[in-house]
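The next block is my_file_19.csv, given as CSV, C-alpha atoms.
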chain,number,residue,atom,x,y,z
A,1,GLY,CA,0.0,0.0,0.0
A,2,GLU,CA,0.9,3.6,-0.1
A,3,ASP,CA,1.7,5.3,3.2
A,4,VAL,CA,4.1,7.9,4.4
A,5,GLU,CA,4.7,8.4,8.2
A,6,GLN,CA,6.4,11.1,10.1
A,7,SER,CA,6.7,12.2,13.7
A,8,LEU,CA,4.3,15.1,14.5
A,9,PHE,CA,6.6,17.5,16.4
A,10,LEU,CA,10.2,18.5,16.7
A,11,SER,CA,11.7,21.2,18.9
A,12,VAL,CA,15.3,22.4,18.5
A,13,ARG,CA,17.4,25.2,19.8
A,14,GLU,CA,18.3,28.0,17.4
A,15,GLY,CA,21.7,27.3,15.8
A,16,ASP,CA,21.5,23.5,16.3
A,17,SER,CA,20.8,21.0,13.6
A,18,SER,CA,17.3,19.7,13.0
A,19,VAL,CA,16.7,16.2,11.7
A,20,ILE,CA,13.2,15.2,10.5
A,21,ASN,CA,12.6,11.6,9.7
A,22,CYS,CA,10.1,9.8,7.5
A,23,THR,CA,9.3,6.3,6.5
A,24,TYR,CA,7.4,5.2,3.4
A,25,THR,CA,6.0,1.9,2.1
A,26,ASP,CA,6.0,2.0,-1.7
A,27,SER,CA,9.3,0.4,-2.8
A,28,SER,CA,8.6,1.6,-6.4
A,29,SER,CA,8.8,5.3,-5.5
A,30,THR,CA,10.7,7.3,-8.1
A,31,TYR,CA,11.2,10.6,-6.3
A,32,LEU,CA,11.0,11.5,-2.6
A,33,TYR,CA,10.3,15.1,-1.6
A,34,TRP,CA,10.5,17.5,1.3
A,35,TYR,CA,7.9,20.3,1.3
A,36,LYS,CA,7.7,23.2,3.7
A,37,GLN,CA,4.4,24.8,4.8
A,38,GLU,CA,4.3,28.1,6.7
A,39,PRO,CA,1.1,29.3,8.4
A,40,GLY,CA,-1.5,30.4,5.9
A,41,ALA,CA,0.6,29.5,2.9
A,42,GLY,CA,0.7,26.7,0.3
A,43,LEU,CA,3.4,24.1,0.2
A,44,GLN,CA,6.9,25.0,-1.0
A,45,LEU,CA,9.1,22.3,-2.5
A,46,LEU,CA,12.4,22.4,-0.5
A,47,THR,CA,14.3,19.6,-2.1
A,48,TYR,CA,13.9,16.2,-3.6
A,49,ILE,CA,15.9,13.1,-4.2
A,50,PHE,CA,15.7,10.5,-6.9
A,51,SER,CA,15.3,7.0,-5.6
A,52,ASN,CA,18.6,5.8,-6.9
A,53,MET,CA,20.5,8.3,-4.8
A,54,ASP,CA,21.7,8.0,-1.2
A,55,MET,CA,22.3,11.6,-0.4
A,56,LYS,CA,21.7,15.1,-1.7
A,57,GLN,CA,23.0,18.3,-0.2
A,58,ASP,CA,21.8,21.8,-0.9
A,59,GLN,CA,23.2,24.6,1.2
A,60,ARG,CA,21.9,24.0,4.8
A,61,LEU,CA,19.8,21.0,3.7
A,62,THR,CA,20.9,17.4,3.6
A,63,VAL,CA,18.7,14.6,2.5
A,64,LEU,CA,19.6,11.0,3.3
A,65,LEU,CA,17.8,8.1,1.7
A,66,ASN,CA,18.0,4.5,3.0
A,67,LYS,CA,16.1,2.6,0.3
A,68,LYS,CA,16.5,-0.7,2.0
A,69,ASP,CA,14.8,0.5,5.2
A,70,LYS,CA,12.5,2.9,3.2
A,71,HIS,CA,13.7,5.8,5.4
A,72,LEU,CA,14.2,9.4,4.4
A,73,SER,CA,15.6,12.2,6.5
A,74,LEU,CA,16.0,15.9,6.2
A,75,ARG,CA,18.8,17.6,8.1
A,76,ILE,CA,18.7,21.4,8.5
A,77,ALA,CA,22.0,22.8,9.6
A,78,ASP,CA,22.2,25.9,11.8
A,79,THR,CA,18.4,26.1,12.3
A,80,GLN,CA,17.0,29.6,12.3
A,81,THR,CA,13.7,31.0,13.5
A,82,GLY,CA,12.6,31.3,9.9
A,83,ASP,CA,12.8,27.5,9.6
A,84,SER,CA,9.7,27.2,11.9
A,85,ALA,CA,7.1,25.5,9.8
A,86,ILE,CA,5.5,22.2,9.0
A,87,TYR,CA,7.7,19.9,6.9
A,88,PHE,CA,6.0,17.2,4.7
A,89,CYS,CA,7.7,14.2,3.4
A,90,ALA,CA,6.2,12.9,0.2
A,91,GLU,CA,6.8,10.1,-2.4
A,92,SER,CA,5.8,9.8,-6.0
A,93,ILE,CA,4.2,6.6,-7.1
A,94,ARG,CA,5.7,5.0,-10.1
A,95,SER,CA,2.5,3.1,-10.9
A,96,SER,CA,0.6,6.4,-11.0
A,97,ALA,CA,2.3,9.0,-13.1
A,98,SER,CA,3.0,12.1,-11.1
A,99,LYS,CA,0.8,11.1,-8.2
A,100,ILE,CA,2.3,12.2,-4.9
A,101,ILE,CA,1.5,10.8,-1.4
A,102,PHE,CA,2.1,13.1,1.5
A,103,GLY,CA,2.9,12.3,5.1
A,104,SER,CA,1.0,14.1,7.9
A,105,GLY,CA,3.8,16.6,8.5
A,106,THR,CA,6.3,17.4,11.2
A,107,ARG,CA,5.9,20.7,13.0
A,108,LEU,CA,9.3,22.2,13.7
A,109,SER,CA,9.6,24.8,16.4
A,110,ILE,CA,12.7,26.7,17.3
A,111,ARG,CA,13.5,27.8,20.8
A,112,PRO,CA,16.0,30.5,21.6
B,1,GLU,CA,6.4,34.4,-13.1
B,2,ALA,CA,3.0,34.5,-11.4
B,3,GLY,CA,2.3,31.6,-9.1
B,4,VAL,CA,-0.9,29.5,-8.7
B,5,ALA,CA,-3.8,31.7,-7.8
B,6,GLN,CA,-6.8,30.6,-5.8
B,7,SER,CA,-10.0,32.3,-4.6
B,8,PRO,CA,-11.5,32.8,-2.3
B,9,ARG,CA,-8.9,32.5,0.4
B,10,TYR,CA,-11.5,31.8,3.1
B,11,LYS,CA,-15.1,30.6,3.0
B,12,ILE,CA,-17.6,29.9,5.8
B,13,ILE,CA,-20.8,28.1,5.0
B,14,GLU,CA,-23.5,26.1,6.8
B,15,LYS,CA,-23.8,22.4,6.2
B,16,ARG,CA,-25.9,21.4,3.2
B,17,GLN,CA,-25.0,24.6,1.4
B,18,SER,CA,-23.0,24.7,-1.8
B,19,VAL,CA,-19.6,26.2,-2.4
B,20,ALA,CA,-17.2,26.6,-5.3
B,21,PHE,CA,-13.4,27.2,-5.4
B,22,TRP,CA,-11.4,28.6,-8.3
B,23,CYS,CA,-7.9,28.0,-9.4
B,24,ASN,CA,-5.7,29.6,-12.0
B,25,PRO,CA,-2.6,27.6,-12.6
B,26,ILE,CA,0.8,28.8,-13.7
B,27,SER,CA,0.7,29.7,-17.4
B,28,GLY,CA,1.7,26.8,-19.6
B,29,HIS,CA,1.2,24.1,-16.9
B,30,ALA,CA,-0.8,21.3,-18.4
B,31,THR,CA,-1.3,19.3,-15.3
B,32,LEU,CA,-3.5,20.6,-12.5
B,33,TYR,CA,-4.3,19.1,-9.1
B,34,TRP,CA,-6.9,19.6,-6.3
B,35,TYR,CA,-5.9,18.5,-2.8
B,36,GLN,CA,-7.8,18.4,0.4
B,37,GLN,CA,-5.8,19.1,3.5
B,38,ILE,CA,-7.6,18.5,6.8
B,39,LEU,CA,-6.2,20.1,9.9
B,40,GLY,CA,-3.2,18.1,11.2
B,41,GLN,CA,-2.9,16.0,8.1
B,42,GLY,CA,-1.0,16.1,4.8
B,43,PRO,CA,-2.7,17.0,1.5
B,44,LYS,CA,-4.8,14.3,0.0
B,45,LEU,CA,-5.2,14.2,-3.8
B,46,LEU,CA,-8.8,14.7,-4.9
B,47,ILE,CA,-8.5,15.0,-8.7
B,48,GLN,CA,-5.8,15.4,-11.3
B,49,PHE,CA,-6.3,17.0,-14.8
B,50,GLN,CA,-4.1,16.8,-17.8
B,51,ASN,CA,-5.2,19.7,-20.0
B,52,ASN,CA,-9.0,19.4,-19.8
B,53,GLY,CA,-9.1,15.7,-19.2
B,54,VAL,CA,-9.3,13.8,-15.9
B,55,VAL,CA,-6.3,11.6,-15.1
B,56,ASP,CA,-7.2,10.5,-11.6
B,57,ASP,CA,-10.3,11.1,-9.6
B,58,SER,CA,-10.3,8.0,-7.6
B,59,GLN,CA,-10.3,9.9,-4.2
B,60,LEU,CA,-13.0,12.4,-5.2
B,61,PRO,CA,-16.3,11.8,-3.3
B,62,LYS,CA,-18.3,12.0,-6.5
B,63,ASP,CA,-21.7,12.1,-4.7
B,64,ARG,CA,-21.0,15.7,-3.5
B,65,PHE,CA,-17.7,16.9,-5.1
B,66,SER,CA,-17.3,17.9,-8.8
B,67,ALA,CA,-14.5,19.6,-10.6
B,68,GLU,CA,-14.0,20.8,-14.1
B,69,ARG,CA,-11.3,22.4,-16.3
B,70,LEU,CA,-13.3,23.1,-19.4
B,71,LYS,CA,-10.7,25.0,-21.5
B,72,GLY,CA,-7.6,23.3,-20.0
B,73,VAL,CA,-6.6,26.4,-18.0
B,74,ASP,CA,-8.7,27.5,-15.0
B,75,SER,CA,-10.4,25.0,-12.8
B,76,THR,CA,-13.3,25.0,-10.4
B,77,LEU,CA,-14.0,22.6,-7.6
B,78,LYS,CA,-17.5,22.4,-6.2
B,79,ILE,CA,-19.1,20.8,-3.1
B,80,GLN,CA,-22.8,20.3,-3.1
B,81,PRO,CA,-24.1,19.8,-0.4
B,82,ALA,CA,-21.3,20.4,2.1
B,83,LYS,CA,-20.9,18.3,5.2
B,84,LEU,CA,-19.1,19.2,8.5
B,85,GLU,CA,-16.2,16.9,7.6
B,86,ASP,CA,-15.5,18.9,4.5
B,87,SER,CA,-13.9,21.6,6.6
B,88,ALA,CA,-10.4,21.8,5.3
B,89,VAL,CA,-7.9,23.7,3.2
B,90,TYR,CA,-8.4,23.1,-0.5
B,91,LEU,CA,-5.1,23.4,-2.3
B,92,CYS,CA,-4.6,23.7,-6.1
B,93,ALA,CA,-1.3,22.8,-7.7
B,94,SER,CA,0.1,22.7,-11.2
B,95,ARG,CA,3.0,21.4,-13.1
B,96,VAL,CA,4.4,21.4,-16.5
B,97,ALA,CA,3.9,18.2,-18.4
B,98,GLY,CA,7.0,16.0,-18.1
B,99,GLY,CA,10.0,17.6,-16.5
B,100,ASP,CA,11.1,16.9,-12.9
B,101,ASN,CA,7.7,16.5,-11.5
B,102,GLU,CA,7.7,19.6,-9.3
B,103,GLN,CA,4.2,20.7,-8.4
B,104,PHE,CA,3.7,24.4,-7.6
B,105,PHE,CA,1.1,25.0,-4.9
B,106,GLY,CA,-1.4,27.9,-4.5
B,107,PRO,CA,-2.1,29.4,-1.1
B,108,GLY,CA,-5.3,27.4,-0.7
B,109,THR,CA,-8.9,28.1,0.3
B,110,ARG,CA,-9.8,27.5,3.9
B,111,LEU,CA,-13.3,26.2,4.1
B,112,THR,CA,-15.2,26.1,7.4
B,113,VAL,CA,-18.6,24.2,7.4
B,114,LEU,CA,-20.8,25.0,10.4

Please go through the file and, once you have read it, give me the structure as structure tokens.
Amino acid sequence: GEDVEQSLFLSVREGDSSVINCTYTDSSSTYLYWYKQEPGAGLQLLTYIFSNMDMKQDQRLTVLLNKKDKHLSLRIADTQTGDSAIYFCAESIRSSASKIIFGSGTRLSIRP
Amino acid sequence: EAGVAQSPRYKIIEKRQSVAFWCNPISGHATLYWYQQILGQGPKLLIQFQNNGVVDDSQLPKDRFSAERLKGVDSTLKIQPAKLEDSAVYLCASRVAGGDNEQFFGPGTRLTVL
């Protein structure tokens, strides 16, 4: 079946690294995504990784993919107050062209 | 480049009333999506259009929800009659056909059904 799971909350101190974890079930996923949603706004694509990659780095963001365990993580280095948001993990389904399944989101809060 | 536009931003109705949402995708984007996002959950796909044709409406409650994209550009999503459990944010997204599969999202319409 198609399912994406994430923990609901994460609290980190400003300047520390944040690590948001996600597990998915569809082994035929082609792309895995991280979206950011700020209050009252739509979803913004932060980064994505192709399923044959293990890691992708983009400035403060590092995505790690463990395909064997179907585990995806997003690391945000030097977390800032502007990083406060809900982060959604999502997978695209190979059997359904361009259909994306979203997790329930992880709310990241930053404490001073 | 203008983003995905949606209106209205907020709507409050009573149960059993009807409501319609409008979406204007990014110019040139052939694929358009409507998602329902219930509070505390991730977006759930309701319907996907490719130009003016429906690609996937398997999650659309067709007894009360309908959507159209007559000219392959703008789209409307209608609920008739609304139920309390329809309270959610309705997100529209679009993407260019092919490419790297990035979907661009609008700000959403927050619907409250009383």

For Leu74 in chain A, please output as a PyMOL selection string all residues within 7 Å (counting all atoms listed in the file; exclusion window: fewer than 6 positions along the same chain). chain A and resi 19-21+61-64

Those selected residues, please, written with C-alpha atoms and delivered as an mmCIF file, keeping the file's coordinate frame.
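Produced file part.cif, reproduced below:
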data_model
loop_
_atom_site.group_PDB
_atom_site.id
_atom_site.type_symbol
_atom_site.label_atom_id
_atom_site.label_comp_id
_atom_site.auth_asym_id
_atom_site.auth_seq_id
_atom_site.Cartn_x
_atom_site.Cartn_y
_atom_site.Cartn_z
ATOM 1 C CA VAL A 19 16.700 16.200 11.700
ATOM 2 C CA ILE A 20 13.200 15.200 10.500
ATOM 3 C CA ASN A 21 12.600 11.600 9.700
ATOM 4 C CA LEU A 61 19.800 21.000 3.700
ATOM 5 C CA THR A 62 20.900 17.400 3.600
ATOM 6 C CA VAL A 63 18.700 14.600 2.500
ATOM 7 C CA LEU A 64 19.600 11.000 3.300
#

For chain B, report every residue with an atom at most 8 Å from chain A (counting all atoms listed in the file), formatted as an mmCIF file with C-alpha atoms, keeping the file's coordinate frame.
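Written output follows (out-v4.cif):
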data_model
loop_
_atom_site.group_PDB
_atom_site.id
_atom_site.type_symbol
_atom_site.label_atom_id
_atom_site.label_comp_id
_atom_site.auth_asym_id
_atom_site.auth_seq_id
_atom_site.Cartn_x
_atom_site.Cartn_y
_atom_site.Cartn_z
ATOM 1 C CA GLY B 40 -3.200 18.100 11.200
ATOM 2 C CA GLN B 41 -2.900 16.000 8.100
ATOM 3 C CA GLY B 42 -1.000 16.100 4.800
ATOM 4 C CA PRO B 43 -2.700 17.000 1.500
ATOM 5 C CA LYS B 44 -4.800 14.300 0.000
ATOM 6 C CA LEU B 45 -5.200 14.200 -3.800
ATOM 7 C CA LEU B 91 -5.100 23.400 -2.300
ATOM 8 C CA ASN B 101 7.700 16.500 -11.500
ATOM 9 C CA GLU B 102 7.700 19.600 -9.300
ATOM 10 C CA GLN B 103 4.200 20.700 -8.400
ATOM 11 C CA PHE B 104 3.700 24.400 -7.600
ATOM 12 C CA PHE B 105 1.100 25.000 -4.900
ATOM 13 C CA GLY B 106 -1.400 27.900 -4.500
ATOM 14 C CA PRO B 107 -2.100 29.400 -1.100
ATOM 15 C CA GLY B 108 -5.300 27.400 -0.700
#

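Counting only C-alpha atoms, the residue from B:Glu85, B:Glu14, B:Asp63, B:Asp74 that sits nearest to His29 in chain B is B:Asp74.
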
Residue nearest Arg75 in chain A - candidates A:Glu14, A:Asp58, A:Glu38, A:Glu91, atoms counted: all atoms listed in the file: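 Nearest to Arg75 in chain A: A:Asp58.
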
Tell me, as a list of chain:residue names, which residues lie within 10 Å of Val89 in chain B, counting only C-alpha atoms; anything in the same chain fewer than 6 positions away does not count.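 Counting only C-alpha atoms, the residues come to A:Gly40, A:Gly42, B:Arg9, B:Tyr10, B:Lys11, B:Tyr35, B:Gln36, B:Gln37, B:Ile38, B:Leu39, B:Pro43, B:Pro107, B:Gly108, B:Thr109, B:Arg110, B:Leu111, B:Thr112.
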
How far is it from CA of Val113 in chain B to CA of Pro81 in chain B, in Å with one decimal? 10.5 Å

What gap, in Å, lies between CA of Ile26 in chain B and CA of Val4 in chain B?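 Those two atoms sit 5.3 Å apart.
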
Using Å and a single decimal, report how far CA of Thr23 in chain A sits from CA of Thr81 in chain A.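 For CA of Thr81 in chain A relative to CA of Thr23 in chain A, the distance reads 26.0 Å.
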
Polymer residues at most 8 Å from Leu108 in chain A, all atoms listed in the file, same-chain spacing of 6 or more positions, as an NGL selection string: :A and (9-12 or 83-87)

Taking (-7.6, 31.0, -10.4) in the file's own coordinates, collect the residues within 6 Å, counting all atoms listed in the file, and hand them back as JSON, numbers by chain. {"B": [5, 6, 22, 23, 24, 74]}

Those selected residues, please, written with C-alpha atoms and delivered as a PDB file, in the coordinates of the input.
ATOM      1  CA  ALA B   5      -3.800  31.700  -7.800  1.00  0.00           C
ATOM      2  CA  GLN B   6      -6.800  30.600  -5.800  1.00  0.00           C
ATOM      3  CA  TRP B  22     -11.400  28.600  -8.300  1.00  0.00           C
ATOM      4  CA  CYS B  23      -7.900  28.000  -9.400  1.00  0.00           C
ATOM      5  CA  ASN B  24      -5.700  29.600 -12.000  1.00  0.00           C
ATOM      6  CA  ASP B  74      -8.700  27.500 -15.000  1.00  0.00           C
TER       7      ASP B  74
END

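With only C-alpha atoms as the basis for measurement, B:Arg95 is the residue among B:Leu70, B:Arg95, B:Gly53, B:Tyr90 that approaches Gly28 in chain B most closely.
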
Nearest to Ala77 in chain A by atom-to-atom distance, counting only C-alpha atoms, from A:Gln57, A:Asn52, A:Thr30, A:Ser109: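 Smallest separation from Ala77 in chain A among the options: A:Gln57.
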
Which is closer to Pro25 in chain B than all the others in B:Pro8, B:Leu77, B:Arg64, B:Ala93, using only C-alpha atoms?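 Among the listed residues, B:Ala93 lies closest to Pro25 in chain B.
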
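Distances from A:Pro112, A:Asp26, A:Asn66, A:Leu32 to Thr79 in chain A were compared using all atoms listed in the file, and the smallest one belongs to A:Pro112.
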